[in-house]
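Novice: Here's a structure for you.
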Protein chains: 4
Amino acid sequence: MITLGENRYGKSRVRLVRVTRGLERHDLREWTVEILLQGDFESCFKDGDNSKILATDTMKNTVYSLARKTGAGCMEEFAKELIDFILRRNPQVSNAEVAISENAWDHVVTGGKPHPTTFVKSSEERQTTKITRGQQDKFSIVSGLENLIIMKTADSGFEGYIQDSLTTLPPTADRLFGTALRANWNYAAEGDFDKLRVNIREILLAVFAGHASKSVQHTLYAMGEAVLESVPQLSEIELTMPNIHCLLVDLSRFGQDNPNEIFVPTDEPHGYIEARIRRQG
Amino acid sequence: MITLGENRYGKSRVRLVRVTRGLERHDLREWTVEILLQGDFESCFKDGDNSKILATDTMKNTVYSLARKTGAGCMEEFAKELIDFILRRNPQVSNAEVAISENAWDHVVTGGKPHPTTFVKSSEERQTTKITRGQQDKFSIVSGLENLIIMKTADSGFEGYIQDSLTTLPPTADRLFGTALRANWNYAAEGDFDKLRVNIREILLAVFAGHASKSVQHTLYAMGEAVLESVPQLSEIELTMPNIHCLLVDLSRFGQDNPNEIFVPTDEPHGYIEARIRRQG
Amino acid sequence: MITLGENRYGKSRVRLVRVTRGLERHDLREWTVEILLQGDFESCFKDGDNSKILATDTMKNTVYSLARKTGAGCMEEFAKELIDFILRRNPQVSNAEVAISENAWDHVVTGGKPHPTTFVKSSEERQTTKITRGQQDKFSIVSGLENLIIMKTADSGFEGYIQDSLTTLPPTADRLFGTALRANWNYAAEGDFDKLRVNIREILLAVFAGHASKSVQHTLYAMGEAVLESVPQLSEIELTMPNIHCLLVDLSRFGQDNPNEIFVPTDEPHGYIEARIRRQG
Amino acid sequence: MITLGENRYGKSRVRLVRVTRGLERHDLREWTVEILLQGDFESCFKDGDNSKILATDTMKNTVYSLARKTGAGCMEEFAKELIDFILRRNPQVSNAEVAISENAWDHVVTGGKPHPTTFVKSSEERQTTKITRGQQDKFSIVSGLENLIIMKTADSGFEGYIQDSLTTLPPTADRLFGTALRANWNYAAEGDFDKLRVNIREILLAVFAGHASKSVQHTLYAMGEAVLESVPQLSEIELTMPNIHCLLVDLSRFGQDNPNEIFVPTDEPHGYIEARIRRQG
């Protein structure tokens, strides 16, 4: 017999710019929202009965309508409101997930100070959150960041790995170590999400910068461990660190040395390392 | 106490072009390979001990070396060889996963027939496989395709869904239905993977084309059901069908009608529907 | 004194899907349109006087309104209508340019024949046209194609080039030759644009396939020359052929040969060759 | 008769990371270089004679070799050295163009101060230069920036434009004005390129922020004019300002107002405005 297994549906890439107009200055936030629902939708799949279907277009409208009304200051609070709103009005939905991604806009600095109503998109780093809740459950909150592109030019080596018949990589005590960091941390207890986010990001950067790295894995673990040690609200953190390779150019063919100065950055292939680090017991 | 949880590492985007030079014609295949390993790597994370680490650069070399030796005709067979090779030489690895994605190149047709040594990249559709095995286990084989962009201009409606205070989408008995299909099917038994792939793809397209669609969900289920009914080797299929919306342009503002002829295609926001359909009992 | 020099403005990426509903089958075309205007706009730049400005939003509306009315069967005819319409209604515009890019959708083949109302996006190749006209002038028509990705696995070498102290590339009589072809041809006389387009594309592919290539330049010239020789309506053709490099993998490190079978395709860096070929006298 | 017209060839996307290792801190620069040559290459196109061809692979090697030797501190000086080097060694080249694009990396700030050997990729803005020279000529130097994404939430309106039968855009005295600025300025006299670049960028941002904008054109001209007034080394500046539209969401359908707070950002279609502003007489 053939049956319907896990399934979900919703709306992706609902984009929103929200301007908060203070007397002295404006604030600008740009979010991309995704809503995904699970529930009692078998008759839709099997019989084409849409009577329990909340149109994904309506989900989009809900984002904009709620954005106008909300008092939520951060992504996490807005996502929770959105989930509550949808679950309350849609008993056929058993579980709702809202993911939000934020692109940072900073006030432009002109004449040495931030201009109150003009903004510059500061980087391609994105702040993220993904929150889920079942009808009778508590929120499960995972926040994070992605595409934080960082590079160490000192204190990084890679030696002592397996040498087999297919190994050609030379060991090195001094290499460039670059990555596009993605981090996701699970909240065991709620808190001031924006303040915690700033704190976690600072720890990740400080450990990455200060660590005497023997491998990507070695530094990744140190970063995750430091975050969990400092932030009691977290139960777990997952770090994904693709290796952005910078290959030392062989200039000896031209009678030149290359004392770790001239590199070719390459996008592919790239190493890929990911791990979860968690608090136990 | 803080501990290391799930972790894996490997090499992504190892790209390979393989030319098979027959007397009468050449064949050209372009693959992108990813290898991900799990195993006994805690000392690397915690102590910077790389003695159990197979360098990701060595994994890359392994792909090329094996590609020269292999007799494998399809992605699935090559992935299995690669996994066997790595597991045999690396007892510290408990589980290896290999994912391969293929871009199609067709022989160019000139003068009405295929040219033997000239190729054209035919589409952005990719054929995929993801195979995993633990040291003592059997292979788990999931094959699929992605980015198969298809559109129905007839036999598609969306009506009878929930009307609430935030609903503005008008019901319609005749809309465009476009998607970038991703499919992943699980093999319960092995077979001629290339022949099965062609068969599955044909069924997916035929049902999409012929179905009287009442929703994306409705058609998705019919597609998956038909595949499982026809291909006994499969235990399960997952279909992901983001909705590529084409919005009817309101021309009444200019005194014109628009009998379902002029549409604006939009990339965002987009509906997102995914479901697994499986054989049971 | 500071003055306004060349300037133009308009609307980019106006996307349009047009369904033609025949009794037996539908046709589907997807176009992306750009309109750029030049004219007497100095007071807008210098004084903020918008009285001569046709809003770019109105240009977008014009595309959709005209698409409903037009009898134009091909991009070139539609672009000409659009230019005529804008120039007639806007005497302050001295020159209008319309560029259209088309993504191909083919009828899906099911059960061995094309399905009348279901389509598949066939490739990332785009058909293009760029047409301009001043108020009192004739049309200047340049049509073309872009992103036609092709590869030769035989009849291509690169030898006899300059050997200097920085040369490390080994000469070869047998290499892969891949490119993402862009072509733009200028019409000296009008004709059946769709039929000419098919003809030109076939000649480009046939010469690429059949040529005994000594360099990208060598083949590029042969392709352009053949087109001009066969299509008297053209005055000139420009071909751009970035080199998609496939590097032979050195397997000798592993005790293996590599008789031109295993290659690494790379996106960067890449060679870039472009030239115009024209009819003279 | 069919002849070869304008043509050029070279290497694109030669990527380079250069680490300068000071005692107290490192510097990191990431450049992407393109070299394009014109010259006496007709025999290559027509006869497959490569004897005058500098291989594009050799151009790539030249970039890395010169990067090791150079004392050049900025992109412009390095591009000039590269051109001189190539023209001197290749008399068959009549004209060489070098374009460089720089991605900014900043020192990571940890514990309130910049870390000496750790970097973060700060934004997707790129600093650019394009320099050309013929064998007997002076350098022509155009520098610029691209993808500087900026937004004004006050002091921007768009009113008084043409109202015709296809106009539906409502005039507004208060809209969001966003763009991804590209600027290219021509040097009439050389100077400290890095210092001039910083100065020009500051002027562009300050005028954008402070201007009472009546249209994109209006602000674009004010920005260009201010740069030319302050920087006597420049003869001309070209500004390209695609309009990143943020559409006010109509919440009245849900009984809500929207006092310029909730917007949908859209990537397509988008307005496109470009103009050159120059010093005359």
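Identifiers for the structure tokens are assigned positionally: chains receive A, B, ... in sequence, residues are indexed from 1 per chain, and ligands are indexed from 1 in the order shown.
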As an MDAnalysis selection string, please: the residues near stretch 14-27 of chain B (cut-off 10 Å, only C-alpha atoms, same-chain neighbours under 4 positions excluded).
Specialist: (chainID A and resid 268:271) or (chainID B and resid 31:35 57 59:61 63:64 67:68 100:102 105:107 114:119) or (chainID C and resid 152:154 176 246:249 259:266)
Novice: Only N, CA and C atoms, please: the residues just picked out, written as a CSV table (one decimal), in the first residue's frame.
Specialist:
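Okay, this is what ended up in result.csv:
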```csv
chain,number,residue,atom,x,y,z
A,268,GLU,N,36.3,26.2,-5.3
A,268,GLU,CA,36.0,24.7,-5.4
A,268,GLU,C,37.2,24.0,-5.8
A,269,PRO,N,37.5,22.8,-5.3
A,269,PRO,CA,36.7,22.1,-4.3
A,269,PRO,C,37.0,22.8,-2.9
A,270,HIS,N,36.2,22.5,-2.0
A,270,HIS,CA,36.5,23.0,-0.6
A,270,HIS,C,36.2,22.0,0.5
A,271,GLY,N,37.1,22.1,1.5
A,271,GLY,CA,36.8,21.2,2.7
A,271,GLY,C,35.5,21.6,3.3
B,31,TRP,N,30.7,15.5,-13.5
B,31,TRP,CA,30.2,15.2,-12.2
B,31,TRP,C,30.7,16.2,-11.1
B,32,THR,N,30.0,16.5,-10.1
B,32,THR,CA,30.5,17.2,-8.9
B,32,THR,C,30.3,16.2,-7.8
B,33,VAL,N,31.4,15.9,-7.1
B,33,VAL,CA,31.4,14.9,-6.0
B,33,VAL,C,31.6,15.5,-4.7
B,34,GLU,N,30.9,15.0,-3.7
B,34,GLU,CA,31.1,15.3,-2.3
B,34,GLU,C,31.3,14.1,-1.5
B,35,ILE,N,32.3,14.1,-0.6
B,35,ILE,CA,32.6,13.0,0.3
B,35,ILE,C,32.5,13.5,1.7
B,57,ASP,N,42.1,17.0,1.0
B,57,ASP,CA,42.8,17.1,-0.3
B,57,ASP,C,43.1,15.6,-0.8
B,59,MET,N,41.1,13.1,-0.2
B,59,MET,CA,39.8,12.7,-0.7
B,59,MET,C,39.6,13.1,-2.2
B,60,LYS,N,40.0,14.3,-2.5
B,60,LYS,CA,39.9,14.9,-3.8
B,60,LYS,C,40.8,14.0,-4.8
B,61,ASN,N,42.0,13.8,-4.4
B,61,ASN,CA,42.9,12.9,-5.2
B,61,ASN,C,42.3,11.5,-5.4
B,63,VAL,N,39.2,10.7,-5.7
B,63,VAL,CA,38.1,10.8,-6.7
B,63,VAL,C,38.8,10.7,-8.1
B,64,TYR,N,39.8,11.4,-8.3
B,64,TYR,CA,40.4,11.4,-9.7
B,64,TYR,C,41.1,10.1,-10.0
B,67,ALA,N,38.5,7.5,-10.6
B,67,ALA,CA,37.8,7.8,-11.9
B,67,ALA,C,38.6,7.2,-13.1
B,68,ARG,N,39.9,7.2,-13.0
B,68,ARG,CA,40.7,6.6,-14.1
B,68,ARG,C,40.6,5.1,-14.1
B,100,ILE,N,26.8,12.6,-5.6
B,100,ILE,CA,27.3,13.0,-6.9
B,100,ILE,C,26.1,13.7,-7.6
B,101,SER,N,26.5,14.8,-8.3
B,101,SER,CA,25.5,15.5,-9.1
B,101,SER,C,26.0,15.6,-10.5
B,102,GLU,N,25.2,15.3,-11.5
B,102,GLU,CA,25.6,15.3,-12.9
B,102,GLU,C,24.9,16.3,-13.7
B,105,TRP,N,25.4,16.7,-20.7
B,105,TRP,CA,25.9,17.2,-21.9
B,105,TRP,C,25.4,16.3,-23.0
B,106,ASP,N,24.8,16.8,-24.1
B,106,ASP,CA,24.3,16.0,-25.2
B,106,ASP,C,25.2,16.3,-26.4
B,107,HIS,N,25.2,15.3,-27.3
B,107,HIS,CA,25.9,15.5,-28.5
B,107,HIS,C,25.2,16.6,-29.3
B,114,PRO,N,23.7,13.6,-34.6
B,114,PRO,CA,24.6,13.9,-33.5
B,114,PRO,C,26.0,13.9,-33.9
B,115,HIS,N,26.7,15.0,-33.6
B,115,HIS,CA,28.2,15.0,-33.9
B,115,HIS,C,28.9,14.2,-32.8
B,116,PRO,N,29.9,13.3,-33.3
B,116,PRO,CA,30.5,12.3,-32.4
B,116,PRO,C,31.3,12.9,-31.3
B,117,THR,N,31.9,14.1,-31.5
B,117,THR,CA,32.9,14.6,-30.5
B,117,THR,C,32.6,16.0,-30.1
B,118,THR,N,31.4,16.5,-30.3
B,118,THR,CA,31.0,17.9,-29.9
B,118,THR,C,29.7,17.8,-29.1
B,119,PHE,N,29.7,18.6,-28.0
B,119,PHE,CA,28.7,18.5,-27.0
B,119,PHE,C,28.1,19.8,-26.6
C,152,LYS,N,34.2,20.7,-27.4
C,152,LYS,CA,34.8,19.8,-28.3
C,152,LYS,C,35.8,18.9,-27.6
C,153,THR,N,35.7,17.6,-27.8
C,153,THR,CA,36.7,16.7,-27.2
C,153,THR,C,37.7,16.2,-28.2
C,154,ALA,N,37.6,16.7,-29.5
C,154,ALA,CA,38.5,16.3,-30.5
C,154,ALA,C,38.8,17.5,-31.4
C,176,LEU,N,40.6,19.6,-24.6
C,176,LEU,CA,39.2,19.9,-24.6
C,176,LEU,C,39.0,21.4,-24.9
C,246,CYS,N,39.3,22.9,-19.0
C,246,CYS,CA,39.3,21.6,-18.4
C,246,CYS,C,40.7,21.2,-18.3
C,247,LEU,N,41.2,21.1,-17.1
C,247,LEU,CA,42.6,20.8,-16.9
C,247,LEU,C,42.9,19.3,-16.8
C,248,LEU,N,43.8,18.8,-17.5
C,248,LEU,CA,44.1,17.4,-17.4
C,248,LEU,C,44.7,17.1,-16.0
C,249,VAL,N,44.2,16.1,-15.3
C,249,VAL,CA,44.7,15.8,-14.0
C,249,VAL,C,46.0,15.0,-14.1
C,259,PRO,N,45.3,9.3,-20.3
C,259,PRO,CA,45.3,9.6,-21.8
C,259,PRO,C,44.2,10.4,-22.2
C,260,ASN,N,44.2,11.7,-21.7
C,260,ASN,CA,43.1,12.7,-22.0
C,260,ASN,C,41.7,12.2,-21.6
C,261,GLU,N,41.6,11.6,-20.4
C,261,GLU,CA,40.3,11.1,-20.0
C,261,GLU,C,39.7,11.8,-18.8
C,262,ILE,N,40.6,12.2,-17.8
C,262,ILE,CA,40.1,12.7,-16.6
C,262,ILE,C,40.6,14.2,-16.5
C,263,PHE,N,39.6,15.1,-16.4
C,263,PHE,CA,39.8,16.5,-16.3
C,263,PHE,C,39.2,17.2,-15.2
C,264,VAL,N,39.7,18.3,-14.7
C,264,VAL,CA,39.0,19.2,-13.7
C,264,VAL,C,38.5,20.4,-14.5
C,265,PRO,N,37.2,20.6,-14.5
C,265,PRO,CA,36.7,21.8,-15.1
C,265,PRO,C,36.9,22.9,-14.1
C,266,THR,N,37.3,24.1,-14.5
C,266,THR,CA,37.4,25.3,-13.6
C,266,THR,C,36.7,26.5,-14.1
```
Novice: Which residues of chain B sit at most 12 Å from chain D, using only C-alpha atoms? Give each one's shortest atom pair and distance in Å (one decimal place), in chain and ascending residue order, as a tab-separated table.
Specialist:
```
residue	atom	partner	partner_atom	distance
B:Asp164	CA	D:Phe254	CA	10.5
B:Ser165	CA	D:Phe254	CA	6.9
B:Leu166	CA	D:Phe254	CA	6.4
B:Thr167	CA	D:Phe254	CA	9.1
B:Thr168	CA	D:Arg253	CA	8.2
B:Leu169	CA	D:Arg253	CA	11.9
B:Asp250	CA	D:Thr168	CA	11.4
B:Leu251	CA	D:Leu166	CA	9.8
B:Ser252	CA	D:Leu166	CA	11.0
B:Arg253	CA	D:Leu166	CA	8.1
B:Phe254	CA	D:Leu166	CA	6.4
B:Gly255	CA	D:Ser165	CA	9.6
B:Gln256	CA	D:Leu166	CA	11.3
B:Val264	CA	D:Pro269	CA	10.2
B:Pro265	CA	D:Glu268	CA	10.2
B:Thr266	CA	D:Glu268	CA	8.4
B:Asp267	CA	D:Glu268	CA	9.1
B:Glu268	CA	D:Thr266	CA	8.4
B:Pro269	CA	D:Thr266	CA	9.9
```
Novice: List the neighbours of stretch 39-42 of chain B out to 12 Å using only C-alpha atoms; skip same-chain residues closer than 4 positions along the sequence, and give me the result as a VMD selection string.
Specialist: (chain A and resid 161 215 217 to 218 221 273 275 to 277) or (chain B and resid 3 to 10 46 to 54 87 90 to 97 134 to 135)
Novice: Looking at A:Ile83, A:Ile2, A:Val98, A:Leu28, which one is nearest to D:Ile150, with distances taken over only C-alpha atoms?
Specialist: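 The closest residue to D:Ile150 is A:Leu28.
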Novice: Quick one: DSSP alpha helix (DSSP H) residues in stretch 155-233 of chain D, as a ChimeraX atom specification?
Specialist: /D:193-210,216-230
Novice: I'd like the neighbourhood of B:Pro171 as JSON, numbers by chain, where a residue qualifies if any of its atoms comes within 9 Å (using only C-alpha atoms), though same-chain residues fewer than 3 positions away should be ignored.
Specialist: {"B": [157, 158, 159, 160, 161]}
Novice: Would you save the residues of that selection, restricted to all heavy atoms, as an mmCIF file, in the first residue's frame?
Specialist:
```cif
data_model
loop_
_atom_site.group_PDB
_atom_site.id
_atom_site.type_symbol
_atom_site.label_atom_id
_atom_site.label_comp_id
_atom_site.auth_asym_id
_atom_site.auth_seq_id
_atom_site.Cartn_x
_atom_site.Cartn_y
_atom_site.Cartn_z
ATOM 1 N N GLY B 157 -5.937 24.228 -11.331
ATOM 2 C CA GLY B 157 -6.725 25.234 -10.620
ATOM 3 C C GLY B 157 -6.346 25.258 -9.150
ATOM 4 O O GLY B 157 -5.556 24.427 -8.679
ATOM 5 N N PHE B 158 -6.868 26.237 -8.429
ATOM 6 C CA PHE B 158 -6.686 26.286 -6.977
ATOM 7 C C PHE B 158 -7.900 27.011 -6.410
ATOM 8 O O PHE B 158 -8.022 28.231 -6.508
ATOM 9 C CB PHE B 158 -5.371 26.989 -6.626
ATOM 10 C CG PHE B 158 -5.041 26.942 -5.153
ATOM 11 C CD1 PHE B 158 -5.065 25.743 -4.442
ATOM 12 C CD2 PHE B 158 -4.719 28.111 -4.464
ATOM 13 C CE1 PHE B 158 -4.767 25.705 -3.086
ATOM 14 C CE2 PHE B 158 -4.414 28.079 -3.106
ATOM 15 C CZ PHE B 158 -4.439 26.881 -2.422
ATOM 16 N N GLU B 159 -8.788 26.231 -5.818
ATOM 17 C CA GLU B 159 -10.069 26.750 -5.315
ATOM 18 C C GLU B 159 -10.418 26.059 -4.000
ATOM 19 O O GLU B 159 -9.855 25.024 -3.668
ATOM 20 C CB GLU B 159 -11.196 26.451 -6.321
ATOM 21 C CG GLU B 159 -10.960 27.006 -7.710
ATOM 22 C CD GLU B 159 -12.033 26.547 -8.693
ATOM 23 O OE1 GLU B 159 -11.971 25.383 -9.154
ATOM 24 O OE2 GLU B 159 -12.925 27.355 -8.996
ATOM 25 N N GLY B 160 -11.374 26.622 -3.294
ATOM 26 C CA GLY B 160 -11.933 25.955 -2.129
ATOM 27 C C GLY B 160 -11.064 26.002 -0.887
ATOM 28 O O GLY B 160 -11.339 25.325 0.104
ATOM 29 N N TYR B 161 -10.013 26.818 -0.904
ATOM 30 C CA TYR B 161 -9.144 26.933 0.268
ATOM 31 C C TYR B 161 -9.757 27.896 1.282
ATOM 32 O O TYR B 161 -10.751 28.572 1.009
ATOM 33 C CB TYR B 161 -7.739 27.385 -0.155
ATOM 34 C CG TYR B 161 -7.736 28.556 -1.095
ATOM 35 C CD1 TYR B 161 -7.803 29.864 -0.616
ATOM 36 C CD2 TYR B 161 -7.695 28.364 -2.468
ATOM 37 C CE1 TYR B 161 -7.829 30.937 -1.474
ATOM 38 C CE2 TYR B 161 -7.729 29.432 -3.346
ATOM 39 C CZ TYR B 161 -7.794 30.720 -2.845
ATOM 40 O OH TYR B 161 -7.840 31.782 -3.699
#
```
Novice: Write out as a ChimeraX atom specification the residues lying within 9 Å of B:Asp194, counting only C-alpha atoms and excluding same-chain residues fewer than 4 positions away.
Specialist: /B:73-76,198-199
Novice: Got a sec: who's within 12 Å of A:Leu204, counting only C-alpha atoms, leaving out chain neighbours fewer than 5 positions off, as a PyMOL selection string?
Specialist: (chain A and resi 144-145+148+150+181-185+197-199+209-211+219-231+237-239) or (chain D and resi 108-110)
Novice: Rounded to one decimal in Å, what is the spacing between atom CA of D:Gln38 and atom CA of D:Glu146?
Specialist: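 Between atom CA of D:Gln38 and atom CA of D:Glu146 the gap is 26.0 Å.
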Novice: One decimal, in Å: what's the spacing between atom CA of D:Ser123 and atom CA of D:Tyr187?
Specialist: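 Pair atom CA of D:Ser123 / atom CA of D:Tyr187 returns 26.0 Å.
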Novice: Just list the residues in stretch 11-123 of chain D DSSP gives strand (DSSP E) on the backbone, as JSON, numbers by chain.
Specialist: {"D": [11, 12, 13, 14, 15, 16, 17, 18, 19, 20, 21, 26, 27, 28, 29, 30, 31, 32, 33, 34, 35, 36, 37, 38, 39, 93, 94, 95, 96, 97, 98, 99, 100, 101, 102, 103, 104, 105, 106, 107, 108, 109, 110, 113, 114, 115, 116, 117, 118, 119, 120, 121, 122, 123]}
